[in-house]
>>> print(open('run-v3.tsv').read())   # TSV, C-alpha atoms and all ligand atoms
chain	number	residue	atom	x	y	z
A	232	MET	CA	105.13	52.63	97.12
A	233	ILE	CA	108.03	54.54	98.67
A	234	LEU	CA	111.68	53.47	98.88
A	235	ILE	CA	113.68	54.76	101.83
A	236	LYS	CA	117.45	54.45	102.20
A	237	LEU	CA	118.86	55.06	105.66
A	238	GLY	CA	122.42	56.12	104.94
A	239	GLY	CA	125.26	54.78	107.05
A	240	SER	CA	126.21	58.33	108.00
A	241	ILE	CA	122.88	58.97	109.71
A	242	ILE	CA	122.30	55.63	111.46
A	243	THR	CA	125.90	55.33	112.73
A	244	ASN	CA	128.69	57.58	113.84
A	245	LYS	CA	131.09	57.19	110.92
A	246	GLU	CA	133.98	58.61	112.95
A	247	LYS	CA	133.85	55.79	115.46
A	248	PRO	CA	133.85	52.06	114.56
A	249	LEU	CA	130.74	50.08	115.47
A	250	SER	CA	128.76	52.97	116.93
A	251	PRO	CA	125.06	53.09	116.12
A	252	ARG	CA	123.13	56.34	116.61
A	253	ILE	CA	120.26	54.77	118.50
A	254	LYS	CA	118.40	57.99	119.34
A	255	THR	CA	118.50	59.16	115.72
A	256	ILE	CA	117.30	55.75	114.50
A	257	ASP	CA	114.45	55.85	117.03
A	258	ASN	CA	113.43	59.35	115.96
A	259	ILE	CA	113.34	58.28	112.33
A	260	ALA	CA	111.33	55.16	113.24
A	261	LYS	CA	108.76	57.38	115.02
A	262	GLN	CA	108.25	59.39	111.82
A	263	LEU	CA	108.07	56.24	109.69
A	264	LYS	CA	105.23	55.06	111.92
A	265	LYS	CA	103.13	57.92	110.48
A	266	ILE	CA	103.41	56.72	106.88
A	267	SER	CA	100.22	55.09	105.69
A	268	GLU	CA	101.34	53.79	102.29
A	269	PRO	CA	103.55	50.76	101.54
A	270	PHE	CA	107.27	51.39	101.87
A	271	VAL	CA	110.56	49.52	101.77
A	272	ILE	CA	113.65	50.31	103.86
A	273	VAL	CA	117.23	49.86	102.67
A	274	HIS	CA	120.05	50.68	105.05
A	275	GLY	CA	123.75	51.28	104.63
A	276	GLY	CA	126.78	50.05	106.53
A	277	GLY	CA	128.30	53.16	108.10
A	278	SER	CA	130.70	52.39	110.91
A	279	PHE	CA	129.67	48.71	110.76
A	280	GLY	CA	129.93	47.07	107.29
A	281	HIS	CA	131.48	50.06	105.60
A	282	TYR	CA	134.18	50.30	108.24
A	283	TRP	CA	135.16	46.63	107.86
A	284	SER	CA	134.98	46.63	104.07
A	285	VAL	CA	137.54	49.44	104.05
A	286	LYS	CA	139.72	47.58	106.57
A	287	TYR	CA	139.70	44.44	104.43
A	288	ASP	CA	140.09	46.38	101.17
A	289	MET	CA	136.85	45.11	99.70
A	290	HIS	CA	135.06	46.91	96.89
A	291	THR	CA	132.04	46.78	94.63
A	292	LYS	CA	134.07	45.06	91.91
A	293	PRO	CA	133.89	41.23	92.20
A	294	ALA	CA	137.28	39.80	93.23
A	295	ARG	CA	138.84	37.18	95.50
A	296	TYR	CA	138.66	39.22	98.69
A	297	ASP	CA	139.84	37.91	102.06
A	298	SER	CA	137.27	35.32	103.22
A	299	HIS	CA	137.59	36.53	106.78
A	300	GLY	CA	136.75	40.02	105.55
A	301	VAL	CA	133.58	38.69	103.89
A	302	ALA	CA	132.59	36.97	107.13
A	303	ILE	CA	133.29	40.01	109.29
A	304	VAL	CA	131.45	42.44	107.00
A	305	LYS	CA	128.39	40.17	106.83
A	306	ASN	CA	128.42	39.65	110.57
A	307	SER	CA	128.62	43.37	111.28
A	308	MET	CA	125.74	44.08	108.89
A	309	ILE	CA	123.55	41.55	110.69
A	310	GLU	CA	124.41	43.35	113.93
A	311	LEU	CA	123.47	46.77	112.55
A	312	ASN	CA	120.37	45.31	110.88
A	313	LYS	CA	119.24	43.93	114.26
A	314	ILE	CA	119.55	47.40	115.79
A	315	ILE	CA	117.35	48.85	113.03
A	316	LEU	CA	114.79	46.02	113.33
A	317	ASP	CA	114.66	46.44	117.12
A	318	SER	CA	114.05	50.17	116.81
A	319	LEU	CA	111.25	49.60	114.29
A	320	THR	CA	109.50	46.91	116.34
A	321	LYS	CA	109.88	48.97	119.52
A	322	ASN	CA	108.01	51.73	117.69
A	323	LYS	CA	105.21	49.32	116.73
A	324	LEU	CA	106.22	48.92	113.10
A	325	ASN	CA	106.38	45.51	111.42
A	326	PRO	CA	109.77	45.07	109.73
A	327	TYR	CA	110.32	42.00	107.57
A	328	CYS	CA	114.05	41.38	107.36
A	329	LEU	CA	115.26	40.58	103.84
A	330	PRO	CA	119.05	40.22	103.51
A	331	PRO	CA	120.04	40.94	99.91
A	332	THR	CA	120.94	37.24	99.40
A	333	ASP	CA	117.18	36.71	99.44
A	334	PHE	CA	116.65	38.51	96.13
A	335	MET	CA	120.11	38.58	94.51
A	336	SER	CA	121.95	35.83	92.69
A	337	GLY	CA	125.55	36.82	91.99
A	338	ASN	CA	125.20	40.47	91.00
A	339	LYS	CA	121.78	40.01	89.38
A	340	PRO	CA	118.41	40.55	91.00
A	341	ILE	CA	116.02	37.56	90.97
A	342	PRO	CA	112.90	39.06	89.30
A	343	SER	CA	110.30	36.90	91.09
A	344	LYS	CA	111.89	37.63	94.47
A	345	VAL	CA	112.04	41.37	93.82
A	346	ARG	CA	108.37	41.34	92.78
A	347	GLU	CA	107.57	39.60	96.03
A	348	ILE	CA	108.98	42.60	97.94
A	349	ARG	CA	106.05	44.69	96.68
A	350	LYS	CA	103.56	42.06	97.89
A	351	ILE	CA	105.22	42.03	101.32
A	352	ALA	CA	105.14	45.84	101.54
A	353	GLU	CA	101.47	45.87	100.55
A	354	SER	CA	100.59	43.44	103.33
A	355	ASN	CA	101.32	45.67	106.33
A	356	LEU	CA	104.92	44.47	106.63
A	357	ILE	CA	107.96	46.64	105.94
A	358	PRO	CA	110.64	44.88	103.91
A	359	VAL	CA	114.04	45.86	105.35
A	360	THR	CA	117.22	45.12	103.42
A	361	PHE	CA	120.79	46.42	103.51
A	362	GLY	CA	124.12	46.78	101.73
A	363	ASP	CA	126.27	43.70	102.27
A	364	ALA	CA	129.20	41.55	101.15
A	365	LEU	CA	127.83	39.07	98.62
A	366	TRP	CA	129.01	35.87	97.01
A	367	TYR	CA	129.58	36.44	93.29
A	368	GLY	CA	130.74	33.03	92.06
A	369	GLN	CA	134.12	31.50	91.16
A	370	LYS	CA	135.47	32.23	94.64
A	371	LYS	CA	134.76	35.91	94.16
A	372	SER	CA	132.71	38.23	96.33
A	373	TYR	CA	131.74	41.90	96.11
A	374	ILE	CA	130.23	44.73	98.11
A	375	LEU	CA	126.66	45.48	97.13
A	376	SER	CA	125.94	48.98	98.41
A	377	GLY	CA	122.58	50.04	99.76
A	378	ASP	CA	122.60	52.80	97.13
A	379	LYS	CA	122.87	50.22	94.36
A	380	ILE	CA	120.02	48.24	95.94
A	381	MET	CA	117.95	51.44	95.71
A	382	SER	CA	118.26	51.53	91.93
A	383	ILE	CA	117.72	47.77	91.58
A	384	LEU	CA	114.47	48.06	93.57
A	385	ALA	CA	113.41	51.32	91.91
A	386	LYS	CA	113.74	49.74	88.47
A	387	ALA	CA	111.54	46.78	89.42
A	388	LEU	CA	109.04	48.41	91.78
A	389	ARG	CA	108.77	51.92	90.29
A	390	PRO	CA	108.14	53.72	93.62
A	391	ARG	CA	106.41	57.10	93.45
A	392	LEU	CA	109.24	58.48	95.58
A	393	SER	CA	112.76	57.28	96.57
A	394	ILE	CA	114.23	59.00	99.61
A	395	PHE	CA	117.90	58.97	100.62
A	396	ILE	CA	118.23	59.93	104.27
A	397	LEU	CA	121.52	61.66	104.99
A	398	ASN	CA	123.39	63.35	107.81
A	399	VAL	CA	123.30	66.68	105.91
A	400	ASP	CA	120.49	68.82	104.45
A	401	GLY	CA	121.00	67.55	100.90
A	402	LEU	CA	123.49	68.31	98.17
A	403	TYR	CA	125.57	71.42	98.58
A	404	SER	CA	126.75	73.43	95.60
A	405	ASP	CA	129.44	74.88	97.83
A	406	LEU	CA	130.78	73.02	100.85
A	407	ASN	CA	132.10	76.15	102.53
A	408	THR	CA	128.96	78.24	102.39
A	409	LYS	CA	126.74	75.12	102.61
A	410	ARG	CA	124.56	76.48	99.83
A	411	LEU	CA	121.96	73.81	99.19
A	412	ILE	CA	120.84	72.61	95.77
A	413	TYR	CA	117.05	72.37	95.98
A	414	ASP	CA	116.34	70.97	92.56
A	415	MET	CA	118.89	69.19	90.40
A	416	LYS	CA	116.93	69.97	87.22
A	417	ASP	CA	116.17	73.64	87.88
A	418	ASP	CA	119.69	74.28	89.05
A	419	GLN	CA	121.04	72.49	85.96
A	420	VAL	CA	123.58	70.68	88.07
A	421	SER	CA	125.53	67.69	86.82
A	422	ILE	CA	127.52	65.17	88.85
A	423	GLN	CA	130.81	66.85	87.95
A	424	ASP	CA	129.63	70.04	89.62
A	425	ILE	CA	128.93	68.45	92.99
A	426	PRO	CA	131.64	69.12	95.57
A	427	MET	CA	132.52	65.83	97.26
A	428	ASP	CA	133.60	65.65	100.85
A	429	VAL	CA	136.78	63.76	101.64
A	430	THR	CA	134.89	60.88	103.21
A	431	GLY	CA	133.34	60.26	99.77
A	432	GLY	CA	130.14	58.28	99.61
A	433	MET	CA	128.16	61.15	98.14
A	434	THR	CA	129.37	60.43	94.60
A	435	ARG	CA	127.74	57.01	94.58
A	436	LYS	CA	124.52	58.36	96.04
A	437	VAL	CA	124.30	61.04	93.37
A	438	GLU	CA	125.07	58.48	90.65
A	439	GLU	CA	122.33	56.10	91.81
A	440	ALA	CA	119.87	58.95	92.40
A	441	THR	CA	120.53	60.25	88.88
A	442	LYS	CA	120.03	56.74	87.52
A	443	ILE	CA	116.68	56.44	89.31
A	444	SER	CA	115.51	59.87	88.17
A	445	LYS	CA	116.39	58.92	84.59
A	446	MET	CA	113.90	56.04	84.95
A	447	GLY	CA	111.30	58.83	85.23
A	448	LEU	CA	111.09	58.52	89.02
A	449	LYS	CA	111.36	61.17	91.70
A	450	VAL	CA	114.24	61.08	94.19
A	451	PHE	CA	114.68	63.16	97.34
A	452	PHE	CA	117.71	63.67	99.61
A	453	ALA	CA	116.75	64.65	103.16
A	454	ASN	CA	118.38	65.22	106.51
A	455	GLY	CA	117.56	62.42	108.96
A	456	ASN	CA	118.36	64.68	111.91
A	457	LYS	CA	115.14	66.50	110.93
A	458	PRO	CA	113.04	63.36	110.42
A	459	GLU	CA	109.78	65.29	109.96
A	460	ARG	CA	111.19	66.22	106.54
A	461	ILE	CA	110.67	62.59	105.52
A	462	THR	CA	106.96	62.61	106.35
A	463	ASN	CA	106.52	66.17	105.00
A	464	ALA	CA	107.81	64.96	101.63
A	465	ILE	CA	105.63	61.84	101.62
A	466	GLN	CA	102.42	63.28	103.00
A	467	LYS	CA	102.52	66.99	102.22
A	468	ASN	CA	104.59	67.07	99.05
A	469	ARG	CA	106.87	69.51	100.89
A	470	PHE	CA	110.50	68.95	100.03
A	471	GLU	CA	113.13	70.45	102.31
A	472	GLY	CA	116.29	68.98	100.83
A	473	THR	CA	117.46	68.17	97.31
A	474	ILE	CA	115.05	66.84	94.74
A	475	PHE	CA	115.87	64.93	91.54
A	476	ARG	CA	112.82	64.99	89.30
A	477	GLY	CA	112.16	62.15	86.93
B	501	LIG	C1	127.18	49.34	102.86
B	501	LIG	O1	126.23	49.91	102.06
B	501	LIG	C2	127.71	48.11	102.25
B	501	LIG	C3	128.87	47.58	103.01
B	501	LIG	C4	130.03	48.13	103.01
B	501	LIG	C5	128.66	46.34	103.73
B	501	LIG	P1	126.31	51.45	101.67
B	501	LIG	O2	127.51	51.67	100.83
B	501	LIG	O3	125.00	51.81	101.10
B	501	LIG	O4	126.53	52.13	103.09
B	501	LIG	P2	126.61	53.67	103.47
B	501	LIG	O5	125.21	54.16	103.53
B	501	LIG	O6	127.41	54.39	102.41
B	501	LIG	O7	127.29	53.63	104.80
>>> encode(input="run-v3.tsv", output="structure tokens", more="lines below")
Ligand code: IPE
Amino acid sequence: MILIKLGGSIITNKEKPLSPRIKTIDNIAKQLKKISEPFVIVHGGGSFGHYWSVKYDMHTKPARYDSHGVAIVKNSMIELNKIILDSLTKNKLNPYCLPPTDFMSGNKPIPSKVREIRKIAESNLIPVTFGDALWYGQKKSYILSGDKIMSILAKALRPRLSIFILNVDGLYSDLNTKRLIYDMKDDQVSIQDIPMDVTGGMTRKVEEATKISKMGLKVFFANGNKPERITNAIQKNRFEGTIFRG
């Protein structure tokens, strides 16, 4: 079992609201078609959900956010999700759309529903879920990020590999020279050492990736603009990017 997160920065143009990167999504889908073992896709919000959640000042902490904001974020995620599903079906893959409300209750995963995701993945379907605005209870809502979903699913499904697909080669130890960290363990890097770009986002990815690797599971950050790196990692054990070993 493999878990794959398509980051918002690779599937959309984060600079421009509501702009999917269709060609990039298609190229990734073509590589995913080559994978012969069960896998699950999680995607982010990028210039869709992420854009609106910022506009409406919504965060991961449960609170009484603007109801219209909740509606708009959810709506935009459905729109982006449809684009991903269309690209996958066009490339002869069989996505099975699973909004996070299908396996989350409040901020807790529903164990039987999460277990079902494995069964779905093992039956020639590809479960596809995404970060979203979720109902929490007591008139509160919260943003559940795709990164967080990655650790929820990793904990329950124990994938042999979790891949975060980014718009960069991996984690840089220096943003100016773009020196890449190949192995978090060998390089003895901790979260505090990672330079964060102003657009943020990377902090949460590193936190969730670290969490998953501490479960004894392998995590890999790869550049989705070079989608063959995804299949090289899965099929050839060749990792061009940043690896977090469990
Ligand atoms: C987006 O999920 C959640 C929403 C804001 C609706 P992510 O937080 O995983 O999205 P990206 O990958 O960083 O864009």
>>> closest_atom_pairs(input="run-v3.tsv", of="chain A", to="ligand LIG 501 (chain B)", cutoff="9 Å", atoms="only C-alpha atoms and all ligand atoms", output="tab-separated table")
residue	atom	partner	partner_atom	distance
A:Lys236	CA	B:LIG501	O5	7.9
A:Leu237	CA	B:LIG501	O5	6.8
A:Gly238	CA	B:LIG501	O5	3.7
A:Gly239	CA	B:LIG501	O7	3.2
A:Ser240	CA	B:LIG501	O7	5.8
A:Ile241	CA	B:LIG501	O5	8.2
A:Ile242	CA	B:LIG501	O7	8.6
A:Thr243	CA	B:LIG501	O7	8.2
A:Lys245	CA	B:LIG501	O7	8.0
A:Val273	CA	B:LIG501	O3	8.2
A:His274	CA	B:LIG501	O5	6.4
A:Gly275	CA	B:LIG501	O4	3.3
A:Gly276	CA	B:LIG501	C1	3.8
A:Gly277	CA	B:LIG501	O7	3.5
A:Ser278	CA	B:LIG501	O7	7.1
A:Phe279	CA	B:LIG501	C5	7.5
A:Gly280	CA	B:LIG501	C5	3.8
A:His281	CA	B:LIG501	C4	3.5
A:Tyr282	CA	B:LIG501	C4	7.0
A:Trp283	CA	B:LIG501	C4	7.2
A:Ser284	CA	B:LIG501	C4	5.3
A:Val285	CA	B:LIG501	C4	7.7
A:Met289	CA	B:LIG501	C4	8.2
A:His290	CA	B:LIG501	C4	8.0
A:Thr291	CA	B:LIG501	C4	8.7
A:Val304	CA	B:LIG501	C5	5.8
A:Lys305	CA	B:LIG501	C5	6.9
A:Ser307	CA	B:LIG501	C5	8.1
A:Met308	CA	B:LIG501	C5	6.3
A:Phe361	CA	B:LIG501	O1	6.6
A:Gly362	CA	B:LIG501	O1	3.8
A:Asp363	CA	B:LIG501	C5	3.8
A:Ala364	CA	B:LIG501	C5	5.5
A:Leu365	CA	B:LIG501	C5	8.9
A:Ile374	CA	B:LIG501	C3	5.8
A:Leu375	CA	B:LIG501	C2	5.9
A:Ser376	CA	B:LIG501	O1	3.8
A:Gly377	CA	B:LIG501	O3	3.3
A:Asp378	CA	B:LIG501	O3	4.7
A:Lys379	CA	B:LIG501	O3	7.2
A:Ile380	CA	B:LIG501	O3	8.0
A:Met381	CA	B:LIG501	O3	8.9
A:Leu397	CA	B:LIG501	O5	8.5
A:Gly431	CA	B:LIG501	O6	8.8
A:Gly432	CA	B:LIG501	O6	5.5
A:Met433	CA	B:LIG501	O6	8.0
A:Arg435	CA	B:LIG501	O2	8.2
A:Lys436	CA	B:LIG501	O6	8.0
>>> atom_distance(input="run-v3.tsv", atom1="atom CA of Val301 of chain A", atom2="atom CA of Leu329 of chain A")
18.4 Å
>>> closest_residue(input="run-v3.tsv", among="A:Ala464, A:Met335, A:Ile259, A:Ile303", to="Arg391 of chain A", atoms="all atoms listed in the file")
A:Ala464
>>> atom_distance(input="run-v3.tsv", atom1="atom CA of Val359 of chain A", atom2="atom CA of Arg469 of chain A")
25.1 Å
>>> residues_around(input="run-v3.tsv", residues="Ile383 of chain A", least_positions_apart="5", cutoff="9 Å", atoms="all atoms listed in the file", output="list of chain:residue names")
A:Pro340, A:Val345, A:Asp378, A:Leu388
>>> write_last_selection(input="run-v3.tsv", atoms="C-alpha atoms", output="PDB file, in the frame of the given file")
ATOM      1  CA  PRO A 340     118.410  40.550  91.000  1.00  0.00           C
ATOM      2  CA  VAL A 345     112.040  41.370  93.820  1.00  0.00           C
ATOM      3  CA  ASP A 378     122.600  52.800  97.130  1.00  0.00           C
ATOM      4  CA  LEU A 388     109.040  48.410  91.780  1.00  0.00           C
TER       5      LEU A 388
END
>>> residues_around(input="run-v3.tsv", residues="Arg295 of chain A", least_positions_apart="2", cutoff="9 Å", atoms="only C-alpha atoms", output="count of residues only")
8
>>> residues_around(input="run-v3.tsv", residues="Ile256 of chain A", least_positions_apart="4", cutoff="10 Å", atoms="all atoms listed in the file", output="list in words")
Leu237, Ile241, Ile242, Thr243, Pro251, Arg252, Ala260, Lys261, Ile314, Ile315, Ser318, Leu319, Gly455, Asn456 and Pro458 of chain A
>>> closest_residue(input="run-v3.tsv", among="A:Leu311, A:Val271, A:Leu448, A:Ile443", to="Ser382 of chain A", atoms="all atoms listed in the file")
A:Ile443
>>> closest_residue(input="run-v3.tsv", among="A:Asn322, A:Ser354, A:Ser250, A:Ser404", to="Lys265 of chain A", atoms="only C-alpha atoms")
A:Asn322
>>> residues_around(input="run-v3.tsv", residues="Ile461 of chain A", least_positions_apart="2", cutoff="12 Å", atoms="all atoms listed in the file", output="VMD selection string")
chain A and resid 233 to 237 258 to 266 392 to 397 400 450 to 459 463 to 472
>>> atom_distance(input="run-v3.tsv", atom1="atom CA of Tyr287 of chain A", atom2="atom CA of Ile272 of chain A")
26.7 Å
>>> residues_around(input="run-v3.tsv", residues="Ile357 of chain A", least_positions_apart="6", cutoff="9 Å", atoms="only C-alpha atoms", output="JSON, numbers by chain")
{"A": [269, 270, 271, 272, 324, 325, 326, 327, 328, 351]}
>>> closest_atom_pairs(input="run-v3.tsv", of="segment 295-403 of chain A", to="segment 473-477 of chain A", cutoff="9 Å", atoms="all atoms listed in the file", output="tab-separated table")
residue	atom	partner	partner_atom	distance
A:Asp400	CA	A:Thr473	CA	7.8
A:Gly401	CA	A:Thr473	CA	5.1
A:Leu402	CA	A:Thr473	CA	6.1
A:Tyr403	CA	A:Thr473	CA	8.8
>>> closest_residue(input="run-v3.tsv", among="A:Asn312, A:Glu268, A:Lys409, A:Gly447", to="Leu356 of chain A", atoms="all atoms listed in the file")
A:Glu268
>>> axis_aligned_box(input="run-v3.tsv", around="segment 357-365 of chain A", padding_each_side="6 Å", output="AutoDock Vina command-line options")
--center_x 118.6 --center_y 42.9 --center_z 102.3 --size_x 33.2 --size_y 19.7 --size_z 19.3
>>> build_atoms(input="run-v3.tsv", residues="segment 454-468 of chain A", atoms="N, CA and C atoms", output="mmCIF file, keeping the file's coordinate frame")
data_model
loop_
_atom_site.group_PDB
_atom_site.id
_atom_site.type_symbol
_atom_site.label_atom_id
_atom_site.label_comp_id
_atom_site.auth_asym_id
_atom_site.auth_seq_id
_atom_site.Cartn_x
_atom_site.Cartn_y
_atom_site.Cartn_z
ATOM 1 N N ASN A 454 117.593 65.329 105.288
ATOM 2 C CA ASN A 454 118.380 65.220 106.510
ATOM 3 C C ASN A 454 117.625 64.416 107.578
ATOM 4 N N GLY A 455 118.204 63.289 107.969
ATOM 5 C CA GLY A 455 117.560 62.420 108.960
ATOM 6 C C GLY A 455 117.594 62.969 110.372
ATOM 7 N N ASN A 456 118.379 64.034 110.596
ATOM 8 C CA ASN A 456 118.360 64.680 111.910
ATOM 9 C C ASN A 456 117.110 65.540 112.060
ATOM 10 N N LYS A 457 116.428 65.781 110.925
ATOM 11 C CA LYS A 457 115.140 66.500 110.930
ATOM 12 C C LYS A 457 114.120 65.539 110.320
ATOM 13 N N PRO A 458 113.799 64.464 111.044
ATOM 14 C CA PRO A 458 113.040 63.360 110.420
ATOM 15 C C PRO A 458 111.649 63.742 109.939
ATOM 16 N N GLU A 459 111.102 64.870 110.444
ATOM 17 C CA GLU A 459 109.780 65.290 109.960
ATOM 18 C C GLU A 459 109.836 65.656 108.471
ATOM 19 N N ARG A 460 111.051 65.918 107.973
ATOM 20 C CA ARG A 460 111.190 66.220 106.540
ATOM 21 C C ARG A 460 110.848 65.014 105.678
ATOM 22 N N ILE A 461 111.000 63.817 106.258
ATOM 23 C CA ILE A 461 110.670 62.590 105.520
ATOM 24 C C ILE A 461 109.149 62.526 105.331
ATOM 25 N N THR A 462 108.427 62.703 106.433
ATOM 26 C CA THR A 462 106.960 62.610 106.350
ATOM 27 C C THR A 462 106.368 63.834 105.624
ATOM 28 N N ASN A 463 106.998 65.004 105.750
ATOM 29 C CA ASN A 463 106.520 66.170 105.000
ATOM 30 C C ASN A 463 106.578 65.912 103.504
ATOM 31 N N ALA A 464 107.656 65.256 103.066
ATOM 32 C CA ALA A 464 107.810 64.960 101.630
ATOM 33 C C ALA A 464 106.752 63.963 101.191
ATOM 34 N N ILE A 465 106.557 62.912 101.998
ATOM 35 C CA ILE A 465 105.630 61.840 101.620
ATOM 36 C C ILE A 465 104.178 62.292 101.698
ATOM 37 N N GLN A 466 103.833 62.983 102.773
ATOM 38 C CA GLN A 466 102.420 63.280 103.000
ATOM 39 C C GLN A 466 101.985 64.662 102.535
ATOM 40 N N LYS A 467 102.926 65.609 102.539
ATOM 41 C CA LYS A 467 102.520 66.990 102.220
ATOM 42 C C LYS A 467 103.146 67.508 100.946
ATOM 43 N N ASN A 468 103.929 66.626 100.282
ATOM 44 C CA ASN A 468 104.590 67.070 99.050
ATOM 45 C C ASN A 468 105.491 68.277 99.310
#
